[in-house]
Amino acid sequence: MENKLQATIDIGSHSCILLIAAFEDAPAAAPTAPETPANSETPDASSDTPVAPRKILVPKLQKVEVCRLGEDIYEHGKITPERIQELVNIMTKFRMDLHALGADLKAVAMTEAMRKATNPDEVIEAVEKAVWVKPRVITGEEEGKLTYRSVKEWHGEGNVTIDIGGGSTELSNGETTFSIPVGALKMFKAMGPIPGPEYKKFIKETFKDLSFKGMTKKPVYLIGGTGTALAMVFLNSQTFDYKAIEGLEMSLADLEAVTTRITNLSKELRAMLPGLGNGRHEVIICGLFWLRSLLEKLRVETFKISTAGLRFGLLYPPEKEPEPKPKKRPAFLKS
């Protein structure tokens with residue numbers, strides 16, 4: 001792959017995210033001396049075999065703009081003309097960034113809000129005119145798979161990813177992926193900034209028909225705006241630094257402490273915390289309540305935060321689907 005700037009845009013229910021990145025050689029692992037038998041004078045021939053360095057996706061620019069498409073879905077069932085114009089303004093600014101850096105826009109993806117909107121064609125046409133690339137409305141399962149892929153490329157397999165968005169949440173372990181129509185913005189519209197007694201009933205109903213089989217007691221990576229905001233408050237970091245956040249490990253006790261701290265502040269003071277500007281302060285507590293419930297279901301005491309996500313997954317080449325296992329022949333046919 002060429003070391004060229006490539007870009008994607010993720011249009012979610014609460015935010016729009018522009019990613020400009022490049023594929024670069026992964027850092028070389030520390031060399032290890034090959035084991036040579038004591039009586040041997042012949043070096044290991046395999047050590048001279050050149051190995052192409054693994055390529056990893058390195059972000060160069062990430063921009064987040066609040067669009068709140070999910071609000072329109074909750075209140076009107078469609079995206080209003082006023083909101084479409086706001087979205088077009090955001091996309092126009094993104095296009096200017098792309099042209100300034102000479103980046104190639106590879107994909108524009110739209111998620112839960114557009115899956116629910118009754119006027120998707122109108123919004124798609126407006127976005128296409130603004131960025132010159134036709135956006136694609138992806139399914140919740142596809143969103144979860146792409147998110148898992150983005151984490152796997154950085155941290156390997158054997159993990160579970162939780163992507164808490166504004167209107168939906170995707171979970172994946174690489175084999176099983178599903179989307180839950182619950183997100184921080186959607187909860188905020190239904191319960192207000194701080195969930196009350198109704199939350200217990202809400203959780204019971206939400207989990208009633210869900211199975212987390214194959215996902216429990218595995219390393220968990222939290223993705224999305226809720227995770228980034230949580231990390232920035234926890235680290236007291238006033239600016240987004242993906243290197244400081246990526247792989248940050250937190251415990252349930254840490255999560256509880258941050259949730260209590262945020263909940264005890266007034267709305268005005270909450271908005272002044274790191275990572276909680278642009279309306280994030282209104283939905284963050286709902287997102288943290290929901291995260292706690294998911295972690296309890298997954299039966300883990302700690303989790304890590306990743307800045308990867310859908311926008312990264314869109315840039316990786318598609319993986320080969322595993323070949324179906326051959327069906328066993330009945331015994332009476334084997335002869």
# chains A, B, ... in the order shown; residues from 1 in each chain; ligands from 1
call {"tool": "residues_around", "arguments": {"residues": "stretch 221-231 of chain A", "least_positions_apart": "4", "cutoff": "7 Å", "atoms": "only C-alpha atoms", "output": "list in words"}}
result
Val160, Thr161, Ile162, Asp163, Ile164, Gly165, Leu235, Ile245, Gly275, Leu276, Ile284, Gly287, Phe303, Lys304, Ile305, Ser306, Thr307, Ala308 and Gly309 of chain A
call {"tool": "residues_around", "arguments": {"residues": "A:Ile73", "least_positions_apart": "6", "cutoff": "9 Å", "atoms": "only C-alpha atoms", "output": "VMD selection string"}}
result
chain A and resid 13 79 113 to 114 116 to 118
call {"tool": "select_by_dssp", "arguments": {"residues": "stretch 229-289 of chain A", "states": "strand (DSSP E or B)", "output": "NGL selection string"}}
result
:A and (248-251)
call {"tool": "closest_atom_pairs", "arguments": {"of": "stretch 222-288 of chain A", "to": "stretch 193-212 of chain A", "cutoff": "8 Å", "atoms": "only C-alpha atoms", "output": "CSV"}}
result
residue,atom,partner,partner_atom,distance
A:Thr263,CA,A:Ile194,CA,7.4
A:Glu282,CA,A:Pro193,CA,5.5
A:Val283,CA,A:Pro193,CA,5.9
A:Ile284,CA,A:Pro193,CA,7.8
A:Ile285,CA,A:Ile194,CA,6.1
A:Cys286,CA,A:Ile194,CA,6.3
call {"tool": "select_by_dssp", "arguments": {"residues": "stretch 19-263 of chain A", "states": "helix (DSSP H, G or I)", "output": "JSON, numbers by chain"}}
result
{"A": [45, 46, 47, 48, 69, 70, 71, 72, 73, 74, 75, 76, 81, 82, 83, 84, 85, 86, 87, 88, 89, 90, 91, 92, 93, 94, 95, 96, 97, 98, 99, 100, 101, 112, 113, 114, 115, 116, 120, 121, 122, 123, 124, 125, 126, 127, 128, 129, 130, 131, 140, 141, 142, 143, 144, 145, 146, 147, 148, 149, 150, 151, 152, 153, 154, 155, 184, 185, 186, 187, 188, 189, 190, 191, 198, 199, 200, 201, 202, 203, 204, 205, 206, 207, 225, 226, 227, 228, 229, 230, 231, 232, 233, 234, 235, 242, 243, 244, 245, 252, 253, 254, 255, 256, 257, 258, 259, 260, 261, 262, 263]}
call {"tool": "closest_residue", "arguments": {"among": "A:Leu295, A:Leu101, A:Val233, A:Val131", "to": "A:His281", "atoms": "only C-alpha atoms"}}
result
A:Val233
call {"tool": "decode", "arguments": {"residues": "stretch 233-248 of chain A", "atoms": "all heavy atoms", "output": "mmCIF file, in the first residue's frame"}}
result
data_model
loop_
_atom_site.group_PDB
_atom_site.id
_atom_site.type_symbol
_atom_site.label_atom_id
_atom_site.label_comp_id
_atom_site.auth_asym_id
_atom_site.auth_seq_id
_atom_site.Cartn_x
_atom_site.Cartn_y
_atom_site.Cartn_z
ATOM 1 N N VAL A 233 -11.654 12.745 30.976
ATOM 2 C CA VAL A 233 -11.989 13.170 32.333
ATOM 3 C C VAL A 233 -11.110 12.434 33.338
ATOM 4 O O VAL A 233 -10.572 13.029 34.286
ATOM 5 C CB VAL A 233 -13.483 12.917 32.644
ATOM 6 C CG1 VAL A 233 -13.787 13.219 34.112
ATOM 7 C CG2 VAL A 233 -14.368 13.777 31.747
ATOM 8 N N PHE A 234 -10.936 11.132 33.136
ATOM 9 C CA PHE A 234 -10.137 10.312 34.050
ATOM 10 C C PHE A 234 -8.685 10.796 34.095
ATOM 11 O O PHE A 234 -8.070 10.865 35.160
ATOM 12 C CB PHE A 234 -10.199 8.847 33.601
ATOM 13 C CG PHE A 234 -9.404 7.897 34.446
ATOM 14 C CD1 PHE A 234 -9.793 7.611 35.752
ATOM 15 C CD2 PHE A 234 -8.263 7.286 33.939
ATOM 16 C CE1 PHE A 234 -9.051 6.726 36.539
ATOM 17 C CE2 PHE A 234 -7.522 6.408 34.709
ATOM 18 C CZ PHE A 234 -7.916 6.125 36.011
ATOM 19 N N LEU A 235 -8.139 11.146 32.926
ATOM 20 C CA LEU A 235 -6.753 11.609 32.843
ATOM 21 C C LEU A 235 -6.620 13.109 33.090
ATOM 22 O O LEU A 235 -5.504 13.621 33.187
ATOM 23 C CB LEU A 235 -6.182 11.298 31.456
ATOM 24 C CG LEU A 235 -6.048 9.821 31.071
ATOM 25 C CD1 LEU A 235 -5.646 9.690 29.607
ATOM 26 C CD2 LEU A 235 -5.045 9.116 31.970
ATOM 27 N N ASN A 236 -7.770 13.795 33.163
ATOM 28 C CA ASN A 236 -7.791 15.260 33.284
ATOM 29 C C ASN A 236 -6.995 15.896 32.138
ATOM 30 O O ASN A 236 -6.223 16.836 32.336
ATOM 31 C CB ASN A 236 -7.228 15.718 34.634
ATOM 32 C CG ASN A 236 -7.609 17.158 34.953
ATOM 33 O OD1 ASN A 236 -8.652 17.656 34.513
ATOM 34 N ND2 ASN A 236 -6.773 17.857 35.693
ATOM 35 N N SER A 237 -7.206 15.376 30.941
ATOM 36 C CA SER A 237 -6.503 15.843 29.752
ATOM 37 C C SER A 237 -7.388 16.818 28.981
ATOM 38 O O SER A 237 -8.473 16.447 28.514
ATOM 39 C CB SER A 237 -6.144 14.647 28.856
ATOM 40 O OG SER A 237 -5.561 15.065 27.658
ATOM 41 N N GLN A 238 -6.940 18.045 28.840
ATOM 42 C CA GLN A 238 -7.749 19.073 28.195
ATOM 43 C C GLN A 238 -7.795 18.921 26.678
ATOM 44 O O GLN A 238 -8.695 19.446 26.027
ATOM 45 C CB GLN A 238 -7.195 20.469 28.544
ATOM 46 C CG GLN A 238 -7.312 20.832 30.013
ATOM 47 C CD GLN A 238 -8.750 20.981 30.472
ATOM 48 O OE1 GLN A 238 -9.635 21.304 29.680
ATOM 49 N NE2 GLN A 238 -8.982 20.734 31.754
ATOM 50 N N THR A 239 -6.834 18.225 26.099
ATOM 51 C CA THR A 239 -6.808 18.038 24.646
ATOM 52 C C THR A 239 -6.813 16.554 24.313
ATOM 53 O O THR A 239 -6.311 15.726 25.067
ATOM 54 C CB THR A 239 -5.552 18.690 24.029
ATOM 55 O OG1 THR A 239 -4.376 18.138 24.642
ATOM 56 C CG2 THR A 239 -5.571 20.195 24.235
ATOM 57 N N PHE A 240 -7.400 16.237 23.160
ATOM 58 C CA PHE A 240 -7.457 14.854 22.705
ATOM 59 C C PHE A 240 -6.076 14.405 22.247
ATOM 60 O O PHE A 240 -5.465 15.017 21.374
ATOM 61 C CB PHE A 240 -8.463 14.724 21.558
ATOM 62 C CG PHE A 240 -8.460 13.375 20.892
ATOM 63 C CD1 PHE A 240 -9.094 12.301 21.482
ATOM 64 C CD2 PHE A 240 -7.819 13.185 19.672
ATOM 65 C CE1 PHE A 240 -9.085 11.044 20.881
ATOM 66 C CE2 PHE A 240 -7.807 11.942 19.055
ATOM 67 C CZ PHE A 240 -8.444 10.881 19.669
ATOM 68 N N ASP A 241 -5.569 13.345 22.844
ATOM 69 C CA ASP A 241 -4.269 12.774 22.483
ATOM 70 C C ASP A 241 -4.462 11.266 22.372
ATOM 71 O O ASP A 241 -4.515 10.553 23.372
ATOM 72 C CB ASP A 241 -3.226 13.108 23.552
ATOM 73 C CG ASP A 241 -1.844 12.522 23.230
ATOM 74 O OD1 ASP A 241 -1.713 11.854 22.187
ATOM 75 O OD2 ASP A 241 -0.920 12.729 24.029
ATOM 76 N N TYR A 242 -4.564 10.795 21.141
ATOM 77 C CA TYR A 242 -4.907 9.383 20.967
ATOM 78 C C TYR A 242 -3.831 8.457 21.538
ATOM 79 O O TYR A 242 -4.121 7.349 21.999
ATOM 80 C CB TYR A 242 -5.179 9.074 19.493
ATOM 81 C CG TYR A 242 -3.982 8.689 18.661
ATOM 82 C CD1 TYR A 242 -3.626 7.347 18.510
ATOM 83 C CD2 TYR A 242 -3.213 9.643 18.006
ATOM 84 C CE1 TYR A 242 -2.532 6.983 17.751
ATOM 85 C CE2 TYR A 242 -2.119 9.283 17.235
ATOM 86 C CZ TYR A 242 -1.785 7.958 17.106
ATOM 87 O OH TYR A 242 -0.705 7.594 16.353
ATOM 88 N N LYS A 243 -2.575 8.895 21.551
ATOM 89 C CA LYS A 243 -1.506 8.055 22.085
ATOM 90 C C LYS A 243 -1.651 7.867 23.595
ATOM 91 O O LYS A 243 -1.310 6.809 24.132
ATOM 92 C CB LYS A 243 -0.152 8.665 21.747
ATOM 93 C CG LYS A 243 0.191 8.619 20.257
ATOM 94 C CD LYS A 243 1.569 9.199 19.985
ATOM 95 C CE LYS A 243 1.901 9.140 18.504
ATOM 96 N NZ LYS A 243 3.229 9.728 18.204
ATOM 97 N N ALA A 244 -2.148 8.891 24.285
ATOM 98 C CA ALA A 244 -2.330 8.786 25.739
ATOM 99 C C ALA A 244 -3.560 7.952 26.084
ATOM 100 O O ALA A 244 -3.600 7.274 27.119
ATOM 101 C CB ALA A 244 -2.460 10.186 26.347
ATOM 102 N N ILE A 245 -4.552 8.006 25.213
ATOM 103 C CA ILE A 245 -5.820 7.312 25.487
ATOM 104 C C ILE A 245 -5.783 5.854 25.036
ATOM 105 O O ILE A 245 -6.346 4.970 25.699
ATOM 106 C CB ILE A 245 -6.987 8.055 24.797
ATOM 107 C CG1 ILE A 245 -7.164 9.446 25.405
ATOM 108 C CG2 ILE A 245 -8.286 7.263 24.902
ATOM 109 C CD1 ILE A 245 -8.176 10.303 24.687
ATOM 110 N N GLU A 246 -5.121 5.590 23.914
ATOM 111 C CA GLU A 246 -5.159 4.257 23.325
ATOM 112 C C GLU A 246 -4.622 3.190 24.279
ATOM 113 O O GLU A 246 -3.481 3.242 24.717
ATOM 114 C CB GLU A 246 -4.350 4.242 22.018
ATOM 115 C CG GLU A 246 -4.511 2.971 21.206
ATOM 116 C CD GLU A 246 -5.950 2.763 20.754
ATOM 117 O OE1 GLU A 246 -6.620 3.759 20.374
ATOM 118 O OE2 GLU A 246 -6.399 1.610 20.792
ATOM 119 N N GLY A 247 -5.479 2.222 24.602
ATOM 120 C CA GLY A 247 -5.102 1.130 25.485
ATOM 121 C C GLY A 247 -5.174 1.460 26.964
ATOM 122 O O GLY A 247 -4.791 0.625 27.801
ATOM 123 N N LEU A 248 -5.678 2.657 27.307
ATOM 124 C CA LEU A 248 -5.806 3.025 28.716
ATOM 125 C C LEU A 248 -6.701 2.016 29.439
ATOM 126 O O LEU A 248 -7.824 1.752 29.016
ATOM 127 C CB LEU A 248 -6.412 4.427 28.838
ATOM 128 C CG LEU A 248 -6.760 4.894 30.253
ATOM 129 C CD1 LEU A 248 -5.501 5.114 31.080
ATOM 130 C CD2 LEU A 248 -7.597 6.178 30.209
#
